[in-house]
>>> print(open('start-v6.txt').read())   # compact mmCIF, C-alpha atoms and all ligand atoms
# COMPACT_ATOMS: atom_id res chain seq x y z
CA MET A 1 -16.43 8.41 14.35
CA PHE A 2 -14.52 6.39 11.78
CA ASP A 3 -15.55 8.91 9.13
CA GLU A 4 -13.16 11.43 10.68
CA LEU A 5 -10.29 9.18 9.59
CA VAL A 6 -9.10 9.36 6.01
CA GLY A 7 -9.28 6.37 3.63
CA ASN A 8 -9.27 2.65 4.27
CA GLU A 9 -13.03 2.34 3.87
CA ARG A 10 -12.80 -1.44 3.93
CA ALA A 11 -11.16 -1.45 7.34
CA LYS A 12 -13.88 0.93 8.58
CA ASP A 13 -16.60 -1.38 7.27
CA VAL A 14 -15.02 -4.43 8.90
CA LEU A 15 -14.75 -2.69 12.27
CA ARG A 16 -18.25 -1.21 12.12
CA ARG A 17 -19.66 -4.62 11.30
CA MET A 18 -17.88 -6.20 14.27
CA LEU A 19 -19.22 -3.48 16.57
CA ARG A 20 -22.75 -3.74 15.22
CA HIS A 21 -22.84 -7.49 15.81
CA GLY A 22 -21.13 -7.16 19.18
CA ARG A 23 -18.42 -9.46 17.90
CA VAL A 24 -15.13 -7.69 18.21
CA PRO A 25 -12.48 -10.41 18.63
CA GLY A 26 -10.23 -10.42 21.67
CA ALA A 27 -7.18 -10.21 19.46
CA LEU A 28 -6.82 -8.09 16.34
CA LEU A 29 -3.87 -7.50 14.04
CA PHE A 30 -3.75 -4.17 12.20
CA ALA A 31 -1.24 -4.59 9.39
CA GLY A 32 -0.08 -2.20 6.68
CA ASP A 33 2.64 0.33 5.85
CA GLU A 34 3.74 3.08 8.21
CA GLY A 35 1.66 6.24 8.04
CA LEU A 36 -1.69 4.75 7.03
CA GLY A 37 -3.38 5.52 10.34
CA LYS A 38 -3.47 2.06 11.92
CA LYS A 39 -2.96 3.45 15.41
CA LEU A 40 -5.65 6.10 14.93
CA PHE A 41 -8.06 3.35 13.87
CA ALA A 42 -7.15 1.32 16.95
CA LEU A 43 -7.79 4.29 19.24
CA GLU A 44 -11.08 4.95 17.47
CA LEU A 45 -12.11 1.37 18.19
CA ALA A 46 -11.15 1.86 21.85
CA ARG A 47 -13.36 4.97 21.86
CA ALA A 48 -16.29 3.09 20.33
CA PHE A 49 -16.23 0.76 23.36
CA ASN A 50 -15.81 3.40 26.01
CA CYS A 51 -17.62 6.49 24.71
CA THR A 52 -20.33 7.75 27.06
CA ALA A 53 -22.44 9.34 24.30
CA ARG A 54 -22.23 6.79 21.49
CA VAL A 55 -23.73 7.55 18.08
CA GLY A 56 -25.04 4.17 16.94
CA VAL A 57 -22.09 1.85 17.52
CA GLU A 58 -19.52 4.59 17.06
CA ALA A 59 -17.81 7.04 19.38
CA CYS A 60 -18.94 10.66 19.63
CA GLY A 61 -15.36 11.94 19.65
CA VAL A 62 -16.07 14.79 22.05
CA CYS A 63 -17.09 13.35 25.44
CA SER A 64 -14.55 13.17 28.25
CA ALA A 65 -13.87 9.46 27.66
CA CYS A 66 -13.27 9.98 23.92
CA THR A 67 -10.91 12.89 24.56
CA ARG A 68 -8.87 11.16 27.24
CA ILE A 69 -8.41 7.98 25.18
CA GLY A 70 -6.18 9.90 22.77
CA LYS A 71 -3.99 11.36 25.51
CA PHE A 72 -0.80 9.56 26.47
CA GLN A 73 2.17 10.79 28.46
CA TYR A 74 5.00 8.95 26.76
CA PRO A 75 8.07 8.30 28.85
CA PRO A 76 11.32 9.62 27.33
CA LYS A 77 13.37 7.23 25.14
CA ASP A 78 16.56 8.70 26.53
CA PRO A 79 18.54 8.49 28.79
CA LYS A 80 19.14 4.78 28.83
CA ASP A 81 17.67 4.29 32.31
CA ALA A 82 14.32 5.28 30.80
CA ARG A 83 13.97 1.66 29.75
CA GLU A 84 12.26 0.77 33.05
CA ALA A 85 9.20 2.75 31.96
CA TYR A 86 8.82 0.48 28.93
CA LYS A 87 8.47 -2.62 31.08
CA LYS A 88 4.90 -1.68 31.89
CA VAL A 89 1.68 -0.84 30.11
CA ILE A 90 1.65 2.89 29.33
CA TRP A 91 -1.83 4.14 30.13
CA SER A 92 -3.80 6.86 28.44
CA GLU A 93 -5.72 9.31 30.61
CA HIS A 94 -8.57 6.78 30.37
CA LYS A 95 -8.29 3.98 32.91
CA ASP A 96 -9.08 1.22 30.42
CA VAL A 97 -6.93 2.08 27.43
CA GLY A 98 -3.22 1.42 27.39
CA GLN A 99 -0.29 0.73 25.10
CA VAL A 100 2.76 -1.44 25.08
CA LEU A 101 5.68 0.20 23.30
CA ALA A 102 9.02 -1.07 22.12
CA PHE A 103 12.18 0.33 23.63
CA ALA A 104 14.97 0.49 21.02
CA ARG A 105 14.61 -2.78 19.14
CA GLU A 106 12.37 -4.81 21.38
CA ILE A 107 9.20 -5.14 23.35
CA PHE A 108 10.10 -6.29 26.83
CA VAL A 109 8.54 -9.45 28.21
CA ASP A 110 7.77 -7.56 31.43
CA ALA A 111 5.50 -5.21 29.50
CA ILE A 112 3.56 -8.14 28.06
CA ARG A 113 3.28 -9.69 31.52
CA ASP A 114 1.90 -6.39 32.83
CA LEU A 115 -0.59 -6.40 29.95
CA GLU A 116 -1.61 -9.96 30.83
CA TYR A 117 -2.11 -8.97 34.48
CA GLU A 118 -4.09 -5.82 33.67
CA GLY A 119 -6.09 -7.59 30.96
CA ASN A 120 -7.54 -9.94 33.55
CA PHE A 121 -9.45 -7.14 35.26
CA ARG A 122 -12.92 -5.95 34.41
CA PRO A 123 -12.99 -2.43 32.93
CA ALA A 124 -12.35 0.23 35.57
CA GLU A 125 -14.44 2.98 34.05
CA GLY A 126 -15.77 2.10 30.58
CA ALA A 127 -17.14 -0.99 28.82
CA ALA A 128 -13.90 -2.66 27.66
CA ARG A 129 -10.19 -2.68 28.30
CA VAL A 130 -8.21 -2.09 25.13
CA PHE A 131 -4.47 -2.60 24.78
CA LEU A 132 -2.44 -1.56 21.76
CA VAL A 133 0.79 -3.38 21.08
CA GLU A 134 2.65 -1.03 18.78
CA GLU A 135 5.41 -2.20 16.45
CA ALA A 136 4.37 -5.74 17.29
CA ASP A 137 7.14 -6.98 14.97
CA LYS A 138 9.52 -6.02 17.76
CA LEU A 139 8.25 -8.74 20.07
CA ASN A 140 11.23 -10.93 20.91
CA GLU A 141 11.01 -14.66 21.51
CA GLU A 142 10.26 -14.32 25.20
CA SER A 143 7.65 -11.59 24.84
CA SER A 144 6.04 -13.42 21.89
CA ASN A 145 5.58 -16.50 24.02
CA ALA A 146 4.17 -14.48 26.91
CA LEU A 147 1.74 -12.79 24.51
CA LEU A 148 0.66 -16.14 23.04
CA LYS A 149 -0.44 -17.21 26.49
CA THR A 150 -2.38 -13.95 26.94
CA LEU A 151 -4.07 -14.33 23.56
CA GLU A 152 -5.38 -17.76 24.43
CA GLU A 153 -8.26 -16.69 26.62
CA PRO A 154 -8.59 -13.00 27.24
CA PRO A 155 -11.75 -12.03 29.17
CA LEU A 156 -14.64 -10.95 26.92
CA THR A 157 -14.18 -7.33 27.96
CA THR A 158 -10.48 -7.23 27.02
CA HIS A 159 -9.24 -6.52 23.50
CA ILE A 160 -5.64 -6.59 22.33
CA ILE A 161 -4.75 -4.84 19.08
CA LEU A 162 -1.38 -5.62 17.55
CA VAL A 163 -0.17 -2.90 15.18
CA THR A 164 2.60 -3.58 12.67
CA SER A 165 4.02 -2.65 9.30
CA ARG A 166 5.86 -5.98 9.14
CA PRO A 167 3.30 -8.70 9.87
CA ALA A 168 5.60 -11.34 8.36
CA SER A 169 8.00 -10.83 11.28
CA LEU A 170 5.43 -12.02 13.81
CA LEU A 171 5.29 -15.64 14.93
CA PRO A 172 2.77 -17.51 12.74
CA THR A 173 1.12 -18.78 15.93
CA ILE A 174 0.48 -15.18 17.00
CA ARG A 175 -0.81 -14.19 13.56
CA SER A 176 -3.21 -17.10 13.49
CA ARG A 177 -4.75 -16.15 16.83
CA CYS A 178 -5.59 -12.64 15.68
CA GLN A 179 -8.21 -11.43 13.28
CA ASN A 180 -6.34 -9.60 10.56
CA VAL A 181 -7.39 -6.11 9.41
CA ARG A 182 -5.39 -4.92 6.40
CA PHE A 183 -4.58 -1.29 5.69
CA ALA A 184 -3.76 -0.11 2.16
CA PRO A 185 -2.19 3.02 0.65
CA LEU A 186 -4.51 5.83 -0.44
CA PRO A 187 -4.72 7.62 -3.80
CA ALA A 188 -2.73 10.88 -3.81
CA SER A 189 -5.87 12.87 -4.68
CA GLN A 190 -7.59 11.67 -1.51
CA ILE A 191 -4.59 12.61 0.63
CA GLU A 192 -4.42 16.05 -0.97
CA GLU A 193 -8.12 16.66 -0.36
CA PHE A 194 -7.77 15.53 3.25
CA MET A 195 -4.82 17.85 3.92
CA VAL A 196 -6.52 20.87 2.39
CA LYS A 197 -9.78 20.18 4.21
CA SER A 198 -8.09 19.71 7.56
CA ARG A 199 -5.91 22.78 6.87
CA ARG A 200 -2.69 20.89 7.30
CA ARG A 201 -1.19 22.00 3.99
CA VAL A 202 -2.54 24.09 1.15
CA GLY A 203 -2.04 24.71 -2.56
CA GLU A 204 0.98 23.36 -4.43
CA GLU A 205 2.55 22.20 -1.20
CA ALA A 206 -0.44 19.98 -0.43
CA LYS A 207 -0.34 18.56 -3.94
CA LEU A 208 3.38 17.78 -3.89
CA ALA A 209 3.33 16.32 -0.37
CA ALA A 210 0.36 14.11 -1.29
CA GLN A 211 2.19 12.82 -4.39
CA LEU A 212 5.44 12.11 -2.63
CA ALA A 213 3.91 10.38 0.37
CA GLY A 214 3.38 7.15 -1.56
CA GLY A 215 -0.20 6.75 -0.40
CA ARG A 216 0.54 7.38 3.28
CA PRO A 217 -1.43 10.29 4.74
CA GLY A 218 0.55 10.23 7.99
CA LEU A 219 3.72 10.83 6.03
CA ALA A 220 2.17 13.56 3.89
CA VAL A 221 1.16 15.45 7.01
CA GLU A 222 4.36 14.99 8.95
CA PHE A 223 7.27 15.07 6.65
CA ASN A 224 9.57 17.98 6.09
CA LEU A 225 9.08 18.73 2.41
CA ASP A 226 12.38 20.59 1.96
CA ALA A 227 14.40 17.80 3.57
CA HIS A 228 12.57 15.27 1.46
CA LEU A 229 13.28 17.16 -1.77
CA ALA A 230 16.96 17.45 -0.82
CA ARG A 231 17.10 13.67 -0.36
CA ARG A 232 15.37 13.21 -3.68
CA ASP A 233 17.95 15.37 -5.47
CA TRP A 234 20.58 13.12 -3.97
CA ALA A 235 18.72 10.00 -5.15
CA LEU A 236 18.29 11.50 -8.61
CA GLY A 237 22.06 12.01 -8.75
CA VAL A 238 22.57 8.32 -7.96
CA VAL A 239 20.09 7.18 -10.56
CA GLU A 240 21.56 9.46 -13.23
CA ALA A 241 25.09 8.25 -12.48
CA LEU A 242 23.90 4.66 -12.90
CA ALA A 243 21.69 5.14 -15.93
CA GLY A 244 24.02 7.19 -18.10
CA PRO A 245 25.79 5.65 -21.09
CA GLU A 246 28.94 5.38 -18.93
CA THR A 247 28.49 4.64 -15.23
CA ASP A 248 29.80 7.66 -13.34
CA ARG A 249 31.73 5.95 -10.55
CA ALA A 250 33.17 9.11 -9.07
CA ARG A 251 29.69 10.51 -8.62
CA LEU A 252 28.48 7.25 -7.10
CA LEU A 253 31.25 7.21 -4.52
CA ARG A 254 30.48 10.80 -3.64
CA ALA A 255 26.84 9.83 -3.13
CA ALA A 256 27.90 6.90 -0.95
CA GLU A 257 29.94 9.28 1.16
CA GLU A 258 26.99 11.63 1.58
CA LEU A 259 24.78 8.71 2.53
CA SER A 260 27.12 7.38 5.19
CA ASP A 261 27.43 10.91 6.57
CA ALA A 262 23.81 10.58 7.68
CA LYS A 263 24.56 10.53 11.37
CA ASN A 264 22.37 7.72 12.56
CA LYS A 265 20.05 5.01 11.40
CA GLU A 266 17.04 7.31 11.70
CA GLU A 267 18.56 9.63 9.11
CA PHE A 268 20.03 6.88 6.98
CA GLU A 269 16.78 5.09 6.26
CA PRO A 270 14.83 8.03 4.80
CA TYR A 271 17.57 8.28 2.14
CA LEU A 272 17.10 4.65 1.25
CA ASP A 273 13.31 5.11 1.20
CA VAL A 274 13.57 7.93 -1.31
CA LEU A 275 16.13 6.09 -3.43
CA GLU A 276 13.94 3.00 -3.48
CA THR A 277 10.82 4.87 -4.62
CA LEU A 278 12.76 6.70 -7.29
CA ILE A 279 14.28 3.51 -8.68
CA ARG A 280 10.86 1.87 -8.61
CA ASP A 281 9.43 4.77 -10.61
CA LEU A 282 12.29 4.47 -13.10
CA TRP A 283 11.60 0.76 -13.36
CA LEU A 284 7.92 1.47 -14.09
CA ALA A 285 9.09 3.96 -16.73
CA THR A 286 11.24 1.30 -18.43
CA LEU A 287 8.15 -0.93 -18.52
CA ARG A 288 6.11 2.04 -19.78
CA ALA A 289 3.82 1.32 -16.85
CA GLU A 290 4.12 4.63 -15.01
CA GLY A 291 0.82 6.05 -13.88
CA ALA A 292 -1.23 5.30 -10.85
CA ARG A 293 1.57 3.41 -9.17
CA SER A 294 4.39 5.91 -9.60
CA VAL A 295 5.16 8.29 -6.77
CA ASN A 296 7.38 11.00 -8.24
CA THR A 297 4.87 12.01 -10.86
CA ASP A 298 6.35 15.51 -11.15
CA LEU A 299 9.55 13.89 -12.48
CA ARG A 300 7.73 11.68 -14.98
CA GLU A 301 9.31 13.12 -18.13
CA ARG A 302 12.80 13.16 -16.71
CA LEU A 303 12.50 9.54 -15.59
CA ALA A 304 11.02 8.51 -18.93
CA ARG A 305 14.07 10.00 -20.69
CA LEU A 306 16.43 8.26 -18.27
CA GLY A 307 14.61 4.97 -18.78
CA GLU A 308 14.98 5.00 -22.57
CA GLY A 309 17.15 2.07 -23.59
CA LEU A 310 17.58 0.81 -20.01
CA PRO A 311 16.67 -2.86 -19.62
CA PRO A 312 13.96 -3.17 -16.91
CA ARG A 313 15.81 -6.14 -15.46
CA ARG A 314 18.87 -4.01 -14.76
CA VAL A 315 16.77 -1.46 -12.88
CA ALA A 316 15.02 -4.24 -10.96
CA GLY A 317 18.50 -5.43 -9.93
CA TRP A 318 19.27 -2.03 -8.36
CA LEU A 319 16.04 -2.28 -6.43
CA SER A 320 17.06 -5.64 -4.98
CA ARG A 321 20.42 -4.19 -3.94
CA VAL A 322 18.73 -1.45 -1.94
CA GLU A 323 16.43 -3.98 -0.33
CA GLU A 324 19.39 -6.18 0.59
CA LEU A 325 21.10 -3.27 2.29
CA ARG A 326 17.92 -2.52 4.19
CA GLU A 327 17.83 -6.07 5.54
CA GLN A 328 21.47 -5.81 6.58
CA LEU A 329 20.66 -2.61 8.46
CA ALA A 330 18.46 -4.62 10.80
CA VAL A 331 21.63 -6.23 12.15
CA ASN A 332 24.06 -3.45 12.96
CA ILE A 333 26.48 -3.09 10.08
CA ASN A 334 29.11 -0.51 9.29
CA ARG A 335 27.14 2.00 7.24
CA ARG A 336 30.18 3.45 5.46
CA ILE A 337 31.32 0.11 4.11
CA ALA A 338 27.76 -0.89 3.29
CA SER A 339 27.08 2.33 1.33
CA ASP A 340 30.23 1.92 -0.77
CA ALA A 341 29.37 -1.71 -1.41
CA LEU A 342 25.82 -0.81 -2.38
CA PHE A 343 26.79 1.62 -5.11
CA LEU A 344 29.67 -0.42 -6.43
CA SER A 345 27.47 -3.49 -6.72
CA MET A 346 24.78 -1.44 -8.45
CA ALA A 347 27.40 -0.21 -10.93
CA GLU A 348 28.27 -3.84 -11.72
CA ASP A 349 24.64 -4.82 -12.38
ZN ZN B 1 -17.57 9.96 23.26
>>> encode(input="start-v6.txt", output="structure tokens")
Amino acid sequence: MFDELVGNERAKDVLRRMLRHGRVPGALLFAGDEGLGKKLFALELARAFNCTARVGVEACGVCSACTRIGKFQYPPKDPKDAREAYKKVIWSEHKDVGQVLAFAREIFVDAIRDLEYEGNFRPAEGAARVFLVEEADKLNEESSNALLKTLEEPPLTTHIILVTSRPASLLPTIRSRCQNVRFAPLPASQIEEFMVKSRRRVGEEAKLAAQLAGGRPGLAVEFNLDAHLARRDWALGVVEALAGPETDRARLLRAAEELSDAKNKEEFEPYLDVLETLIRDLWLATLRAEGARSVNTDLRERLARLGEGLPPRRVAGWLSRVEELREQLAVNINRRIASDALFLSMAED
């Protein structure tokens, strides 16, 4: 049942309407930030097709088909020879529901060809074959073209759901062949209520995690609160060094060093995430527009004090610098040099 999923009522309505009218398109694009539940929605749609004890047009959630649709044995991402496993559709325990996953930075064309082949068959056990293409922004040129061909005329009983947090990175021709379903961030209060109700976090911890998750329930559930707060202290140090009456260069270089110590890209990016949200909150404070849109609401007074006398344009400049670095990260750069350059350029702004 879609009601088991938190938030995004509009997406639920759109999907229910499609199911009710028996008009679920062959190609769908689920777009929105990480951690909003796009994949859970896609699996729920796959269940609605294949459930053996449907409630109206929705899945029961408990029959054997419903249970197996959520179960995947993911192949390991390491060692490197594991890549072969990503050249095929990865099936759930249900014979009609599978996923295509990226390996490292790309979705292999062989995986899309396997999807095309499998998508031509009638369902093996349920009413429809459903394929999720996760991180669809990682389709390369070859796999995009192969997918385009598949999207042209899938059989009526085959549905392909592309899932992405970066829809702009998809070929326009792919985007235009899919029906778009948008996912939006949730209010912190809704995330908090959801976590308490589902017993994932309680009390102050639930409240803080809900606030800091920036509207993303998946993040609020998963993230390590202590690690996140440590990163935020670091980001606060950066912002204070920049915002003071005299830019504290020594402190900035120390922060750059700490940042480039983050061992790999997976650790590096969360630091930038936190820094970006904190600067955005400071920017809102300089505009006196903090409120619903700010994330670090527990730091509101501190940020308001920091923002006094700071021109909003200067703070917006810092934000662009972080975004620039993020784009450069997509093409392997030397993180040490890039971190130094980031903070020095912010100090010049
Ligand atoms: Zn069921």
>>> residues_near_ligand(input="start-v6.txt", ligand="ligand ZN 1 (chain B)", cutoff="6 Å", atoms="all atoms listed in the file", output="list in words")
Cys51, Thr52, Ala53, Arg54, Ala59, Cys60, Gly61, Val62, Cys63, Ala65 and Cys66 of chain A
>>> write_last_selection(input="start-v6.txt", atoms="C-alpha atoms", output="PDB file, keeping the file's coordinate frame")
ATOM      1  CA  CYS A  51     -17.620   6.490  24.710  1.00  0.00           C
ATOM      2  CA  THR A  52     -20.330   7.750  27.060  1.00  0.00           C
ATOM      3  CA  ALA A  53     -22.440   9.340  24.300  1.00  0.00           C
ATOM      4  CA  ARG A  54     -22.230   6.790  21.490  1.00  0.00           C
ATOM      5  CA  ALA A  59     -17.810   7.040  19.380  1.00  0.00           C
ATOM      6  CA  CYS A  60     -18.940  10.660  19.630  1.00  0.00           C
ATOM      7  CA  GLY A  61     -15.360  11.940  19.650  1.00  0.00           C
ATOM      8  CA  VAL A  62     -16.070  14.790  22.050  1.00  0.00           C
ATOM      9  CA  CYS A  63     -17.090  13.350  25.440  1.00  0.00           C
ATOM     10  CA  ALA A  65     -13.870   9.460  27.660  1.00  0.00           C
ATOM     11  CA  CYS A  66     -13.270   9.980  23.920  1.00  0.00           C
TER      12      CYS A  66
END
>>> atom_distance(input="start-v6.txt", atom1="atom CA of Val100 of chain A", atom2="atom CA of Glu4 of chain A")
25.0 Å
>>> closest_residue(input="start-v6.txt", among="A:Leu299, A:Ala42, A:Val163, A:Leu272", to="Leu325 of chain A", atoms="all atoms listed in the file")
A:Leu272
>>> closest_residue(input="start-v6.txt", among="A:Ile107, A:Leu5, A:Ala210, A:Ile160", to="Asn120 of chain A", atoms="only C-alpha atoms")
A:Ile160
>>> axis_aligned_box(input="start-v6.txt", around="segment 253-258 of chain A", padding_each_side="6 Å", output="lines of an AutoDock Vina configuration file")
center_x = 29.0
center_y = 9.3
center_z = -1.5
size_x = 16.4
size_y = 16.7
size_z = 18.1
>>> residues_around(input="start-v6.txt", residues="Val57 of chain A", least_positions_apart="6", cutoff="9 Å", atoms="only C-alpha atoms", output="PDB file with C-alpha atoms, keeping the file's coordinate frame")
ATOM      1  CA  ARG A  16     -18.250  -1.210  12.120  1.00  0.00           C
ATOM      2  CA  LEU A  19     -19.220  -3.480  16.570  1.00  0.00           C
ATOM      3  CA  ARG A  20     -22.750  -3.740  15.220  1.00  0.00           C
ATOM      4  CA  ALA A  48     -16.290   3.090  20.330  1.00  0.00           C
ATOM      5  CA  PHE A  49     -16.230   0.760  23.360  1.00  0.00           C
TER       6      PHE A  49
END
>>> residues_around(input="start-v6.txt", residues="segment 308-313 of chain A", least_positions_apart="6", cutoff="7 Å", atoms="all atoms listed in the file", output="number ranges by chain")
A: 283, 286-287
>>> write_last_selection(input="start-v6.txt", atoms="C-alpha atoms", output="PDB file, keeping the file's coordinate frame")
ATOM      1  CA  TRP A 283      11.600   0.760 -13.360  1.00  0.00           C
ATOM      2  CA  THR A 286      11.240   1.300 -18.430  1.00  0.00           C
ATOM      3  CA  LEU A 287       8.150  -0.930 -18.520  1.00  0.00           C
TER       4      LEU A 287
END
>>> closest_atom_pairs(input="start-v6.txt", of="segment 148-192 of chain A", to="segment 25-41 of chain A", cutoff="8 Å", atoms="only C-alpha atoms", output="Markdown table")
| residue | atom | partner | partner_atom | distance |
| --- | --- | --- | --- | --- |
| A:Leu151 | CA | A:Ala27 | CA | 6.6 |
| A:Pro154 | CA | A:Gly26 | CA | 6.4 |
| A:Pro155 | CA | A:Gly26 | CA | 7.8 |
| A:Leu156 | CA | A:Gly26 | CA | 6.9 |
| A:Thr158 | CA | A:Gly26 | CA | 6.2 |
| A:His159 | CA | A:Gly26 | CA | 4.4 |
| A:Ile160 | CA | A:Ala27 | CA | 4.9 |
| A:Ile161 | CA | A:Leu28 | CA | 4.7 |
| A:Leu162 | CA | A:Leu29 | CA | 4.7 |
| A:Val163 | CA | A:Phe30 | CA | 4.8 |
| A:Thr164 | CA | A:Ala31 | CA | 5.2 |
| A:Ser165 | CA | A:Asp33 | CA | 4.8 |
| A:Arg166 | CA | A:Ala31 | CA | 7.2 |
| A:Pro167 | CA | A:Ala31 | CA | 6.1 |
| A:Arg175 | CA | A:Leu29 | CA | 7.4 |
| A:Arg177 | CA | A:Ala27 | CA | 6.9 |
| A:Cys178 | CA | A:Leu28 | CA | 4.8 |
| A:Gln179 | CA | A:Leu28 | CA | 4.7 |
| A:Asn180 | CA | A:Leu29 | CA | 4.8 |
| A:Val181 | CA | A:Phe30 | CA | 5.0 |
| A:Arg182 | CA | A:Ala31 | CA | 5.1 |
| A:Phe183 | CA | A:Gly32 | CA | 4.7 |
| A:Ala184 | CA | A:Gly32 | CA | 6.2 |
| A:Pro185 | CA | A:Leu36 | CA | 6.6 |
>>> residues_around(input="start-v6.txt", residues="Leu115 of chain A", least_positions_apart="3", cutoff="9 Å", atoms="all atoms listed in the file", output="ChimeraX atom specification")
/A:88-89,98-100,110-112,118-120,131,147,150
>>> write_last_selection(input="start-v6.txt", atoms="C-alpha atoms", output="PDB file, in the frame of the given file")
ATOM      1  CA  LYS A  88       4.900  -1.680  31.890  1.00  0.00           C
ATOM      2  CA  VAL A  89       1.680  -0.840  30.110  1.00  0.00           C
ATOM      3  CA  GLY A  98      -3.220   1.420  27.390  1.00  0.00           C
ATOM      4  CA  GLN A  99      -0.290   0.730  25.100  1.00  0.00           C
ATOM      5  CA  VAL A 100       2.760  -1.440  25.080  1.00  0.00           C
ATOM      6  CA  ASP A 110       7.770  -7.560  31.430  1.00  0.00           C
ATOM      7  CA  ALA A 111       5.500  -5.210  29.500  1.00  0.00           C
ATOM      8  CA  ILE A 112       3.560  -8.140  28.060  1.00  0.00           C
ATOM      9  CA  GLU A 118      -4.090  -5.820  33.670  1.00  0.00           C
ATOM     10  CA  GLY A 119      -6.090  -7.590  30.960  1.00  0.00           C
ATOM     11  CA  ASN A 120      -7.540  -9.940  33.550  1.00  0.00           C
ATOM     12  CA  PHE A 131      -4.470  -2.600  24.780  1.00  0.00           C
ATOM     13  CA  LEU A 147       1.740 -12.790  24.510  1.00  0.00           C
ATOM     14  CA  THR A 150      -2.380 -13.950  26.940  1.00  0.00           C
TER      15      THR A 150
END
>>> closest_residue(input="start-v6.txt", among="A:Lys95, A:Arg280, A:Arg300, A:Arg305", to="Ser320 of chain A", atoms="only C-alpha atoms")
A:Arg280
>>> closest_residue(input="start-v6.txt", among="A:Ile191, A:Ala235, A:Ala255, A:Ile333", to="Glu276 of chain A", atoms="only C-alpha atoms")
A:Ala235
>>> atom_distance(input="start-v6.txt", atom1="atom CA of Gln190 of chain A", atom2="atom CA of Val24 of chain A")
28.6 Å
>>> atom_distance(input="start-v6.txt", atom1="atom CA of Asn140 of chain A", atom2="atom CA of Arg105 of chain A")
9.0 Å
>>> residues_around(input="start-v6.txt", residues="Lys207 of chain A", least_positions_apart="6", cutoff="10 Å", atoms="only C-alpha atoms", output="PyMOL selection string")
chain A and resi 188-189+191-193+195-196+201+220
>>> write_last_selection(input="start-v6.txt", atoms="C-alpha atoms", output="PDB file, in the coordinates of the input")
ATOM      1  CA  ALA A 188      -2.730  10.880  -3.810  1.00  0.00           C
ATOM      2  CA  SER A 189      -5.870  12.870  -4.680  1.00  0.00           C
ATOM      3  CA  ILE A 191      -4.590  12.610   0.630  1.00  0.00           C
ATOM      4  CA  GLU A 192      -4.420  16.050  -0.970  1.00  0.00           C
ATOM      5  CA  GLU A 193      -8.120  16.660  -0.360  1.00  0.00           C
ATOM      6  CA  MET A 195      -4.820  17.850   3.920  1.00  0.00           C
ATOM      7  CA  VAL A 196      -6.520  20.870   2.390  1.00  0.00           C
ATOM      8  CA  ARG A 201      -1.190  22.000   3.990  1.00  0.00           C
ATOM      9  CA  ALA A 220       2.170  13.560   3.890  1.00  0.00           C
TER      10      ALA A 220
END
>>> residues_around(input="start-v6.txt", residues="Ala230 of chain A", least_positions_apart="4", cutoff="12 Å", atoms="all atoms listed in the file", output="list in words")
Asn224, Leu225, Asp226, Trp234, Ala235, Leu236, Gly237, Glu258, Pro270, Tyr271, Val274 and Leu275 of chain A
>>> decode(input="start-v6.txt", residues="segment 313-320 of chain A", atoms="N, CA, C and O atoms", output="mmCIF file, in the first residue's frame")
data_model
loop_
_atom_site.group_PDB
_atom_site.id
_atom_site.type_symbol
_atom_site.label_atom_id
_atom_site.label_comp_id
_atom_site.auth_asym_id
_atom_site.auth_seq_id
_atom_site.Cartn_x
_atom_site.Cartn_y
_atom_site.Cartn_z
ATOM 1 N N ARG A 313 25.169 38.670 -0.918
ATOM 2 C CA ARG A 313 25.836 38.309 -2.163
ATOM 3 C C ARG A 313 27.168 37.597 -1.907
ATOM 4 O O ARG A 313 27.539 36.698 -2.636
ATOM 5 N N ARG A 314 27.860 38.035 -0.844
ATOM 6 C CA ARG A 314 29.137 37.396 -0.526
ATOM 7 C C ARG A 314 28.911 35.934 -0.137
ATOM 8 O O ARG A 314 29.622 35.036 -0.583
ATOM 9 N N VAL A 315 27.875 35.714 0.671
ATOM 10 C CA VAL A 315 27.581 34.353 1.112
ATOM 11 C C VAL A 315 27.139 33.486 -0.081
ATOM 12 O O VAL A 315 27.541 32.330 -0.205
ATOM 13 N N ALA A 316 26.361 34.091 -0.975
ATOM 14 C CA ALA A 316 25.932 33.361 -2.174
ATOM 15 C C ALA A 316 27.145 32.957 -3.006
ATOM 16 O O ALA A 316 27.173 31.888 -3.619
ATOM 17 N N GLY A 317 28.172 33.808 -3.005
ATOM 18 C CA GLY A 317 29.417 33.509 -3.725
ATOM 19 C C GLY A 317 30.075 32.250 -3.173
ATOM 20 O O GLY A 317 30.546 31.399 -3.929
ATOM 21 N N TRP A 318 30.100 32.114 -1.841
ATOM 22 C CA TRP A 318 30.697 30.913 -1.222
ATOM 23 C C TRP A 318 29.957 29.661 -1.681
ATOM 24 O O TRP A 318 30.547 28.621 -1.949
ATOM 25 N N LEU A 319 28.637 29.820 -1.758
ATOM 26 C CA LEU A 319 27.807 28.690 -2.157
ATOM 27 C C LEU A 319 28.181 28.234 -3.575
ATOM 28 O O LEU A 319 28.336 27.032 -3.836
ATOM 29 N N SER A 320 28.383 29.206 -4.467
ATOM 30 C CA SER A 320 28.759 28.840 -5.839
ATOM 31 C C SER A 320 30.108 28.140 -5.865
ATOM 32 O O SER A 320 30.319 27.226 -6.660
#
